[in-house]
There are 2 protein chains.
Amino acid sequence: MDKPVTIYDIAKKVNASAATVSRVLSNSSYPVSLEMSKKIRKVAEELKYSPNMLGRQLKKNNSMTIGVIIPSISNPFYSEIVLGIEEVARNNGYHVLLCNTHQSLELEHEYLQTLIEKQVNGLIISSVILNKDMLSEYIRRKINVVSIDQMIEDADIYQIGFDYRKGGYMATSHLIAKGHRKIAFVTAPLDRPSRKGTYRGYLEALEDYGIKPLESWLQVSERGEEGIEGGTWEFAIGKKLTQRLLSLEQRPTAIFACNDMIAFGVINELNNQGIEVPGEMSVIGFDNIEMTQMIYPPLTTIGHPKYEMGRFAGNMLFDLLKGVESNIKEVVLQPKLIERKSVEVLLDEER
Amino acid sequence: MDKPVTIYDIAKKVNASAATVSRVLSNSSYPVSLEMSKKIRKVAEELKYSPNMLGRQLKKNNSMTIGVIIPSISNPFYSEIVLGIEEVARNNGYHVLLCNTHQSLELEHEYLQTLIEKQVNGLIISSVILNKDMLSEYIRRKINVVSIDQMIEDADIYQIGFDYRKGGYMATSHLIAKGHRKIAFVTAPLDRPSRKGTYRGYLEALEDYGIKPLESWLQVSERGEEGIEGGTWEFAIGKKLTQRLLSLEQRPTAIFACNDMIAFGVINELNNQGIEVPGEMSVIGFDNIEMTQMIYPPLTTIGHPKYEMGRFAGNMLFDLLKGVESNIKEVVLQPKLIERKSVEVLLDEER
DNA sequence: CTGTTAGCGCTTTCAG
DNA sequence: CTGAAAGCGCTAACAG
């Protein structure tokens, strides 16, 4: 078992000191004669030297790594965000340590801790359960954290959010503009800021147009088993909630789902029961994940700039790491209506 | 800016040596008096000590990290695999450094290199472009690597594959069993072992049943722009290739897509053109990603044990890291027909 | 049971 | 321009 080659091995071979070798191989600005420099590089090549970053990182106290904590990478919503973050991390020479909490408070805690131990330089987090206190360790250690998508109340961290309320309002008023009055809202539990916001937007739109919401048109699912809350679960609740809706005496003419996965479930169940979308029932989703273009009919939904949010958060974090202080601590990204084919105008006589 | 607390700070406070502190805080089996041990833990708590893993890792020459290289996490096929790997990594106390190559040879090279520099203990890779030579550095350094899904020819590494040929055979013979004779194969470029295998299976099934394949029923897309080859691209080629198929004089009665994303494109185009699935055209996919259950009609496809493949690869790797040598270097996972609703029997008179 | 010492691989003063 | 030496935080012989 041949020992890994270090700068000392190279130093010996070229009759130089480890310091000099380090200086050239780490591209330091420190002056080294061209001749020496060349020789060192040549030998490094020959010996197939590759630096041990642990050494450097320990010395510099800089891991060149940022942590990213999200519920689950298998959720396409998050995978787009992560792709955005990764791109800017790579451009800055950083690596990403990705952590999937699977909605488990315990796991989230654990990751928060090990990321500190691994000496991450910064953290980007989209947490469902996080509060200010849990981040205190980071703040104390002056590790920069930026929170995305889910706002954390009055924590002293940078946040980049999304206006869910407005999105909910847009979706609902679009439906109203198309002539719908009986609009159901189908959602996973209203336990996160994002969903609460969307729901508020829904309510406000109805109110602004003088529509009194029927209680039974708000369909909220039970909490899912933590951990298995993948796309399948959301799809399933979309189906179940739709069944309930269809068994109502007063059926709605349009369904607003709090996210696209649930909307897929809604449409699927509608199809199963032979109800045509959008002919007999309009459906609108939320998030605009890639798949919305791929189903039939293509889903009308609310656009959420996921990739951009990731890039934005990444850039913000790296600015902070570079010491570029900003006094903008909070930015809110804006929703956008994406019209496709799952919503149809409702004629007066059908109301 | 308060300096991070180290074991020395604790040692000073309790009048012990750093060694002793290290012994208790790293849960070493080395004997330390209960009294001392308690005191140390208490002070560690008070000082909010958290170990710097870089120090330990450098000393132990063990990063407790494995690298995972895949094309893109935004592809649901890979995200499931990764979830499987992550689970076993976590159970073993390891972290995963995830790298998305976006089909770029350059990026792949770069990652291969930086992972070595970061001193990963092992590597799991599903590479499209990898060959034996590119792994030589790893082999030389005795870093264990296990390759998944895409077999690498006669490299001295562990491999866990999937029988694409058999999958292709199963899909095609299922179609044949349902009465189809005019079966098109719609695929991304046949430049990877997996797709080649699937295609071979398709051919063999046709031959076994005495069906001569029409050349125009093999529809291969052009290469996509590297990097943007996400789900949208595959969806798009599914659509485009279907258009070509439909413009043929001799139309097929069934379409076999080399993966589910492409199958979604196929179905979408069929829908657009008012062709009913499966009534007028049967469609079968490949991979059984989650979304296949969510579209309408639910897609008949070939099951690929993605999550299990991830777990399998992870377990194999950790066995190797633990020194459990195995003489099984190659294992091939098996396909499974998943019957849903996108294939219909073709009556004799329709042939 | 505890402490001393050396050193993992690298960078960085500080002197030459 | 080059080198010697110290040290990042931690662990592991070795000696007591």
# chains A, B, ... in the order shown; residues from 1 in each chain; ligands from 1
$ interface_residues --of "chain A" --to "chain B" --cutoff "8 Å" --atoms "only C-alpha atoms" --output "PyMOL selection string"
chain A and resi 4+50-55+57-58+73-74+76+79-80+83+95-98+116-119+141+231-232+235+264-265+268+271+290+294-296
$ write_last_selection --atoms "N, CA, C and O atoms" --output "short mmCIF file (atom, residue, chain, number, x, y, z; two decimals), in the first residue's frame"
data_model
loop_
_atom_site.label_atom_id
_atom_site.label_comp_id
_atom_site.auth_asym_id
_atom_site.auth_seq_id
_atom_site.Cartn_x
_atom_site.Cartn_y
_atom_site.Cartn_z
N PRO A 4 0.14 7.92 0.25
CA PRO A 4 -0.17 9.05 -0.63
C PRO A 4 0.98 10.04 -0.66
O PRO A 4 1.62 10.28 0.36
N SER A 50 -1.81 14.76 -5.70
CA SER A 50 -3.06 15.50 -5.62
C SER A 50 -3.22 15.98 -4.20
O SER A 50 -3.03 15.22 -3.25
N PRO A 51 -3.50 17.25 -4.04
CA PRO A 51 -3.48 17.85 -2.70
C PRO A 51 -4.52 17.25 -1.78
O PRO A 51 -5.60 16.85 -2.22
N ASN A 52 -4.20 17.21 -0.54
CA ASN A 52 -5.15 16.76 0.46
C ASN A 52 -5.82 18.00 1.06
O ASN A 52 -5.23 18.73 1.84
N MET A 53 -7.05 18.18 0.65
CA MET A 53 -7.76 19.39 1.06
C MET A 53 -7.98 19.46 2.56
O MET A 53 -8.13 20.55 3.10
N LEU A 54 -8.01 18.33 3.20
CA LEU A 54 -8.22 18.36 4.64
C LEU A 54 -7.11 19.16 5.31
O LEU A 54 -7.35 19.95 6.21
N GLY A 55 -5.90 18.96 4.85
CA GLY A 55 -4.79 19.69 5.40
C GLY A 55 -4.98 21.18 5.20
O GLY A 55 -4.93 21.97 6.15
N GLN A 57 -7.67 22.82 4.46
CA GLN A 57 -8.85 23.34 5.09
C GLN A 57 -8.67 23.54 6.59
O GLN A 57 -9.13 24.51 7.17
N LEU A 58 -7.97 22.59 7.19
CA LEU A 58 -7.73 22.71 8.62
C LEU A 58 -6.90 23.96 8.90
O LEU A 58 -7.20 24.76 9.77
N ILE A 73 -34.97 15.75 -1.89
CA ILE A 73 -34.51 16.01 -3.23
C ILE A 73 -35.38 15.31 -4.27
O ILE A 73 -35.39 15.66 -5.44
N SER A 74 -36.15 14.32 -3.83
CA SER A 74 -36.97 13.61 -4.80
C SER A 74 -38.21 14.43 -5.15
O SER A 74 -38.95 14.09 -6.06
N PRO A 76 -39.57 17.32 -7.04
CA PRO A 76 -39.02 18.11 -8.15
C PRO A 76 -38.96 19.61 -7.83
O PRO A 76 -38.14 20.32 -8.37
N SER A 79 -35.64 19.88 -6.17
CA SER A 79 -34.47 19.53 -6.97
C SER A 79 -34.12 20.68 -7.91
O SER A 79 -32.95 20.92 -8.18
N GLU A 80 -35.11 21.42 -8.34
CA GLU A 80 -34.79 22.58 -9.18
C GLU A 80 -34.06 23.66 -8.39
O GLU A 80 -33.10 24.26 -8.88
N LEU A 83 -30.49 22.61 -7.90
CA LEU A 83 -29.70 22.77 -9.11
C LEU A 83 -29.20 24.20 -9.25
O LEU A 83 -28.05 24.44 -9.63
N HIS A 95 -18.35 23.34 -2.74
CA HIS A 95 -19.14 22.12 -2.84
C HIS A 95 -20.39 22.26 -1.99
O HIS A 95 -20.43 23.05 -1.06
N VAL A 96 -21.37 21.42 -2.30
CA VAL A 96 -22.62 21.45 -1.55
C VAL A 96 -22.80 20.15 -0.79
O VAL A 96 -22.65 19.07 -1.36
N LEU A 97 -23.07 20.27 0.47
CA LEU A 97 -23.41 19.10 1.27
C LEU A 97 -24.92 19.10 1.41
O LEU A 97 -25.48 19.97 2.07
N LEU A 98 -25.55 18.14 0.76
CA LEU A 98 -27.01 18.15 0.69
C LEU A 98 -27.62 17.29 1.78
O LEU A 98 -27.20 16.16 2.00
N ILE A 116 -22.23 21.80 11.14
CA ILE A 116 -21.32 22.66 11.89
C ILE A 116 -20.00 21.93 12.12
O ILE A 116 -18.93 22.48 11.93
N GLU A 117 -20.10 20.67 12.48
CA GLU A 117 -18.89 19.90 12.74
C GLU A 117 -18.04 19.78 11.48
O GLU A 117 -16.82 19.76 11.54
N LYS A 118 -18.70 19.70 10.37
CA LYS A 118 -17.95 19.63 9.11
C LYS A 118 -17.47 20.99 8.67
O LYS A 118 -16.91 21.14 7.60
N GLN A 119 -17.74 21.99 9.47
CA GLN A 119 -17.22 23.33 9.24
C GLN A 119 -17.71 23.98 7.95
O GLN A 119 -16.93 24.61 7.24
N ARG A 141 -21.97 31.36 15.94
CA ARG A 141 -20.70 31.08 15.27
C ARG A 141 -20.49 31.95 14.04
O ARG A 141 -19.57 31.71 13.27
N GLY A 231 -43.85 12.45 -3.55
CA GLY A 231 -44.86 12.85 -4.50
C GLY A 231 -46.08 11.94 -4.46
O GLY A 231 -47.21 12.39 -4.66
N THR A 232 -45.85 10.67 -4.20
CA THR A 232 -46.97 9.73 -4.21
C THR A 232 -48.00 10.09 -3.16
O THR A 232 -49.20 9.99 -3.39
N PHE A 235 -49.98 13.11 -4.35
CA PHE A 235 -50.87 12.64 -5.41
C PHE A 235 -52.10 11.96 -4.79
O PHE A 235 -53.24 12.22 -5.16
N PHE A 264 -52.24 16.96 -9.80
CA PHE A 264 -52.19 15.73 -10.61
C PHE A 264 -53.15 14.69 -10.04
O PHE A 264 -53.83 13.99 -10.78
N GLY A 265 -53.15 14.59 -8.75
CA GLY A 265 -54.07 13.65 -8.10
C GLY A 265 -55.51 14.02 -8.38
O GLY A 265 -56.35 13.16 -8.67
N ASN A 268 -56.34 13.17 -11.96
CA ASN A 268 -56.41 11.73 -12.13
C ASN A 268 -57.74 11.17 -11.64
O ASN A 268 -58.38 10.36 -12.31
N ASN A 271 -60.50 12.11 -13.96
CA ASN A 271 -60.46 11.23 -15.12
C ASN A 271 -61.10 9.88 -14.80
O ASN A 271 -61.91 9.37 -15.56
N GLU A 290 -41.93 20.96 -13.77
CA GLU A 290 -41.78 20.55 -15.17
C GLU A 290 -42.93 19.68 -15.66
O GLU A 290 -43.41 19.83 -16.78
N MET A 294 -46.45 18.21 -19.10
CA MET A 294 -46.38 16.89 -19.72
C MET A 294 -47.66 16.09 -19.57
O MET A 294 -47.81 15.04 -20.17
N ILE A 295 -48.53 16.54 -18.70
CA ILE A 295 -49.76 15.78 -18.55
C ILE A 295 -50.80 16.31 -19.51
O ILE A 295 -50.60 17.32 -20.18
N TYR A 296 -51.91 15.62 -19.55
CA TYR A 296 -52.97 16.04 -20.43
C TYR A 296 -54.25 16.23 -19.64
O TYR A 296 -54.66 15.32 -18.94
#
$ interface_residues --of "chain D" --to "chain A" --cutoff "7 Å" --atoms "only C-alpha atoms (C1' of nucleotides)" --output "JSON, numbers by chain"
{"D": [1, 3, 8]}
$ select_by_dssp --residues "range 165-308 of chain A" --states "strand (DSSP E or B)" --output "PyMOL selection string"
chain A and resi 183-187+218-220+254-257+282-284+287+300-303
$ interface_residues --of "chain C" --to "chain B" --cutoff "10 Å" --atoms "only C-alpha atoms (C1' of nucleotides)" --output "NGL selection string"
:C and (1-4 or 7-9)
$ write_last_selection --atoms "C-alpha atoms (C1' of nucleotides)" --output "PDB file, in the first residue's frame"
ATOM      1  C1'  DC C   1      -6.497   5.929  34.747  1.00  0.00           C
ATOM      2  C1'  DT C   2      -3.760  10.264  32.973  1.00  0.00           C
ATOM      3  C1'  DG C   3      -0.324  13.070  30.593  1.00  0.00           C
ATOM      4  C1'  DT C   4       3.437  13.959  27.171  1.00  0.00           C
ATOM      5  C1'  DG C   7       2.305  14.263  13.806  1.00  0.00           C
ATOM      6  C1'  DC C   8      -1.780  13.958  10.030  1.00  0.00           C
ATOM      7  C1'  DG C   9      -0.805  17.692   5.252  1.00  0.00           C
TER       8       DG C   9
END
$ atom_distance --atom1 "CA of Ala313 in chain A" --atom2 "CA of Pro71 in chain B"
23.2 Å
$ residues_around --residues "range 327-343 of chain A" --least-positions-apart "6" --cutoff "9 Å" --atoms "only C-alpha atoms (C1' of nucleotides)" --output "tab-separated table (two decimals) with C-alpha atoms, in the first residue's frame"
chain	number	residue	atom	x	y	z
A	149	ASP	CA	-39.15	29.68	0.44
A	156	ASP	CA	-31.46	37.56	12.17
A	157	ILE	CA	-30.78	35.83	8.90
A	158	TYR	CA	-31.18	36.53	5.25
A	159	GLN	CA	-34.33	35.31	3.69
A	160	ILE	CA	-35.52	34.87	0.21
A	161	GLY	CA	-39.17	34.11	0.00
A	162	PHE	CA	-42.04	33.84	-2.37
A	163	ASP	CA	-45.33	35.66	-2.25
A	164	TYR	CA	-47.66	32.73	-1.74
A	166	LYS	CA	-50.39	36.78	-3.99
A	167	GLY	CA	-50.06	33.50	-5.86
A	170	MET	CA	-53.89	35.21	-8.64
A	171	ALA	CA	-55.01	31.64	-9.08
A	174	HIS	CA	-58.12	33.81	-12.59
A	175	LEU	CA	-60.76	31.21	-11.93
A	178	LYS	CA	-63.21	32.72	-16.13
A	254	ALA	CA	-63.29	24.54	-10.31
A	277	VAL	CA	-61.01	18.46	-17.51
A	278	PRO	CA	-61.47	21.28	-18.23
A	279	GLY	CA	-64.87	20.67	-19.86
A	281	MET	CA	-64.26	20.82	-14.10
A	282	SER	CA	-61.47	23.36	-14.20
A	283	VAL	CA	-58.28	22.70	-12.27
A	284	ILE	CA	-55.45	25.02	-11.37
A	287	ASP	CA	-45.55	25.78	-8.47
A	288	ASN	CA	-45.22	25.07	-12.18
A	293	GLN	CA	-46.44	20.60	-19.21
A	296	TYR	CA	-52.97	16.04	-20.43
A	297	PRO	CA	-54.43	18.55	-20.37
A	298	PRO	CA	-51.39	20.72	-19.65
A	299	LEU	CA	-51.93	22.24	-16.26
A	300	THR	CA	-52.68	25.89	-15.70
A	301	THR	CA	-50.71	26.85	-12.65
A	302	ILE	CA	-48.87	29.55	-10.73
A	303	GLY	CA	-45.24	29.95	-11.68
A	304	HIS	CA	-42.66	29.77	-8.92
A	305	PRO	CA	-39.10	30.71	-9.90
A	309	MET	CA	-34.61	31.15	-6.17
$ residues_around --residues "Glu45 in chain B" --least-positions-apart "6" --cutoff "12 Å" --atoms "only C-alpha atoms (C1' of nucleotides)" --output "PyMOL selection string"
chain B and resi 5+7+10+25+38-39+51
$ closest_residue --among "B:Val14, B:Trp233, B:Val24, B:Leu347" --to "DT11 in chain D" --atoms "only C-alpha atoms (C1' of nucleotides)"
B:Val24
$ decode --residues "chain D" --atoms "N, CA, C and O atoms (P, O5', C5', C4', C3', O3' and C1' of nucleotides)" --output "JSON list (two decimals), in the first residue's frame"
[["chain", "number", "residue", "atom", "x", "y", "z"],
["D", 1, "DC", "P", 11.38, 36.62, -8.58],
["D", 1, "DC", "O5'", 12.11, 35.75, -7.52],
["D", 1, "DC", "C5'", 12.41, 34.40, -7.67],
["D", 1, "DC", "C4'", 13.16, 34.05, -6.42],
["D", 1, "DC", "C3'", 12.68, 32.77, -5.75],
["D", 1, "DC", "O3'", 13.59, 31.73, -6.10],
["D", 1, "DC", "C1'", 13.33, 34.47, -4.19],
["D", 2, "DT", "P", 13.23, 30.27, -5.87],
["D", 2, "DT", "O5'", 13.53, 30.07, -4.32],
["D", 2, "DT", "C5'", 14.86, 29.80, -3.91],
["D", 2, "DT", "C4'", 14.88, 29.67, -2.42],
["D", 2, "DT", "C3'", 14.10, 28.47, -1.87],
["D", 2, "DT", "O3'", 15.05, 27.52, -1.45],
["D", 2, "DT", "C1'", 13.85, 30.44, -0.53],
["D", 3, "DG", "P", 14.54, 26.12, -0.84],
["D", 3, "DG", "O5'", 14.54, 26.44, 0.71],
["D", 3, "DG", "C5'", 15.72, 26.99, 1.28],
["D", 3, "DG", "C4'", 15.55, 27.14, 2.77],
["D", 3, "DG", "C3'", 14.89, 25.95, 3.47],
["D", 3, "DG", "O3'", 15.60, 25.75, 4.69],
["D", 3, "DG", "C1'", 13.67, 27.94, 3.92],
["D", 4, "DA", "P", 15.43, 24.42, 5.50],
["D", 4, "DA", "O5'", 15.41, 24.97, 6.99],
["D", 4, "DA", "C5'", 15.69, 26.36, 7.25],
["D", 4, "DA", "C4'", 15.15, 26.73, 8.62],
["D", 4, "DA", "C3'", 14.70, 25.58, 9.52],
["D", 4, "DA", "O3'", 14.91, 26.01, 10.85],
["D", 4, "DA", "C1'", 12.82, 26.89, 8.92],
["D", 5, "DA", "P", 14.44, 25.07, 12.05],
["D", 5, "DA", "O5'", 12.99, 25.68, 12.37],
["D", 5, "DA", "C5'", 12.85, 27.11, 12.51],
["D", 5, "DA", "C4'", 11.45, 27.40, 13.03],
["D", 5, "DA", "C3'", 10.88, 26.33, 13.96],
["D", 5, "DA", "O3'", 10.07, 27.01, 14.89],
["D", 5, "DA", "C1'", 9.47, 26.54, 12.11],
["D", 6, "DA", "P", 9.58, 26.26, 16.21],
["D", 6, "DA", "O5'", 8.13, 26.90, 16.38],
["D", 6, "DA", "C5'", 7.86, 28.21, 15.85],
["D", 6, "DA", "C4'", 6.40, 28.29, 15.45],
["D", 6, "DA", "C3'", 5.48, 27.45, 16.35],
["D", 6, "DA", "O3'", 4.36, 28.24, 16.64],
["D", 6, "DA", "C1'", 5.14, 26.85, 14.10],
["D", 7, "DG", "P", 3.41, 27.81, 17.82],
["D", 7, "DG", "O5'", 2.09, 27.44, 17.02],
["D", 7, "DG", "C5'", 1.58, 28.33, 16.02],
["D", 7, "DG", "C4'", 0.55, 27.57, 15.22],
["D", 7, "DG", "C3'", -0.28, 26.60, 16.09],
["D", 7, "DG", "O3'", -1.63, 26.76, 15.75],
["D", 7, "DG", "C1'", 0.58, 25.50, 14.23],
["D", 8, "DC", "P", -2.72, 26.58, 16.83],
["D", 8, "DC", "O5'", -4.02, 26.39, 15.92],
["D", 8, "DC", "C5'", -4.32, 27.27, 14.84],
["D", 8, "DC", "C4'", -5.06, 26.47, 13.79],
["D", 8, "DC", "C3'", -5.91, 25.35, 14.39],
["D", 8, "DC", "O3'", -7.25, 25.83, 14.53],
["D", 8, "DC", "C1'", -4.61, 24.58, 12.48],
["D", 9, "DG", "P", -7.99, 25.78, 15.91],
["D", 9, "DG", "O5'", -8.34, 24.25, 16.07],
["D", 9, "DG", "C5'", -9.32, 23.66, 15.21],
["D", 9, "DG", "C4'", -9.30, 22.17, 15.44],
["D", 9, "DG", "C3'", -9.51, 21.77, 16.90],
["D", 9, "DG", "O3'", -10.66, 20.93, 16.95],
["D", 9, "DG", "C1'", -7.66, 20.63, 15.96],
["D", 10, "DC", "P", -11.02, 20.04, 18.21],
["D", 10, "DC", "O5'", -10.24, 18.70, 17.88],
["D", 10, "DC", "C5'", -10.66, 17.94, 16.75],
["D", 10, "DC", "C4'", -9.68, 16.82, 16.51],
["D", 10, "DC", "C3'", -9.65, 15.76, 17.61],
["D", 10, "DC", "O3'", -10.37, 14.62, 17.16],
["D", 10, "DC", "C1'", -7.47, 16.33, 16.83],
["D", 11, "DT", "P", -10.54, 13.38, 18.15],
["D", 11, "DT", "O5'", -9.18, 12.57, 17.93],
["D", 11, "DT", "C5'", -9.00, 11.92, 16.70],
["D", 11, "DT", "C4'", -7.68, 11.19, 16.71],
["D", 11, "DT", "C3'", -7.60, 9.99, 17.64],
["D", 11, "DT", "O3'", -7.04, 8.96, 16.85],
["D", 11, "DT", "C1'", -5.78, 11.43, 18.04],
["D", 12, "DA", "P", -7.09, 7.48, 17.27],
["D", 12, "DA", "O5'", -5.56, 7.19, 17.58],
["D", 12, "DA", "C5'", -4.60, 7.41, 16.56],
["D", 12, "DA", "C4'", -3.25, 7.10, 17.12],
["D", 12, "DA", "C3'", -3.20, 5.84, 17.99],
["D", 12, "DA", "O3'", -1.91, 5.30, 17.83],
["D", 12, "DA", "C1'", -2.62, 7.69, 19.29],
["D", 13, "DA", "P", -1.77, 3.71, 17.65],
["D", 13, "DA", "O5'", -1.18, 3.00, 18.94],
["D", 13, "DA", "C5'", -0.47, 3.64, 19.87],
["D", 13, "DA", "C4'", 0.97, 3.99, 19.47],
["D", 13, "DA", "C3'", 1.97, 3.36, 20.40],
["D", 13, "DA", "O3'", 3.28, 3.31, 19.86],
["D", 13, "DA", "C1'", 1.55, 5.66, 20.96],
["D", 14, "DC", "P", 4.36, 2.35, 20.48],
["D", 14, "DC", "O5'", 4.78, 3.13, 21.81],
["D", 14, "DC", "C5'", 5.40, 4.40, 21.70],
["D", 14, "DC", "C4'", 5.46, 5.04, 23.07],
["D", 14, "DC", "C3'", 5.85, 4.05, 24.19],
["D", 14, "DC", "O3'", 7.10, 4.45, 24.70],
["D", 14, "DC", "C1'", 4.05, 5.49, 24.83],
["D", 15, "DA", "P", 7.83, 3.57, 25.79],
["D", 15, "DA", "O5'", 7.57, 4.52, 27.04],
["D", 15, "DA", "C5'", 7.71, 5.93, 26.87],
["D", 15, "DA", "C4'", 7.22, 6.62, 28.12],
["D", 15, "DA", "C3'", 7.65, 5.94, 29.42],
["D", 15, "DA", "O3'", 8.09, 6.94, 30.31],
["D", 15, "DA", "C1'", 5.31, 6.20, 29.40],
["D", 16, "DG", "P", 8.80, 6.57, 31.62],
["D", 16, "DG", "O5'", 7.66, 6.71, 32.70],
["D", 16, "DG", "C5'", 7.33, 8.01, 33.18],
["D", 16, "DG", "C4'", 5.96, 7.96, 33.78],
["D", 16, "DG", "C3'", 5.89, 7.37, 35.20],
["D", 16, "DG", "O3'", 5.67, 8.43, 36.11],
["D", 16, "DG", "C1'", 4.01, 6.80, 33.85]]
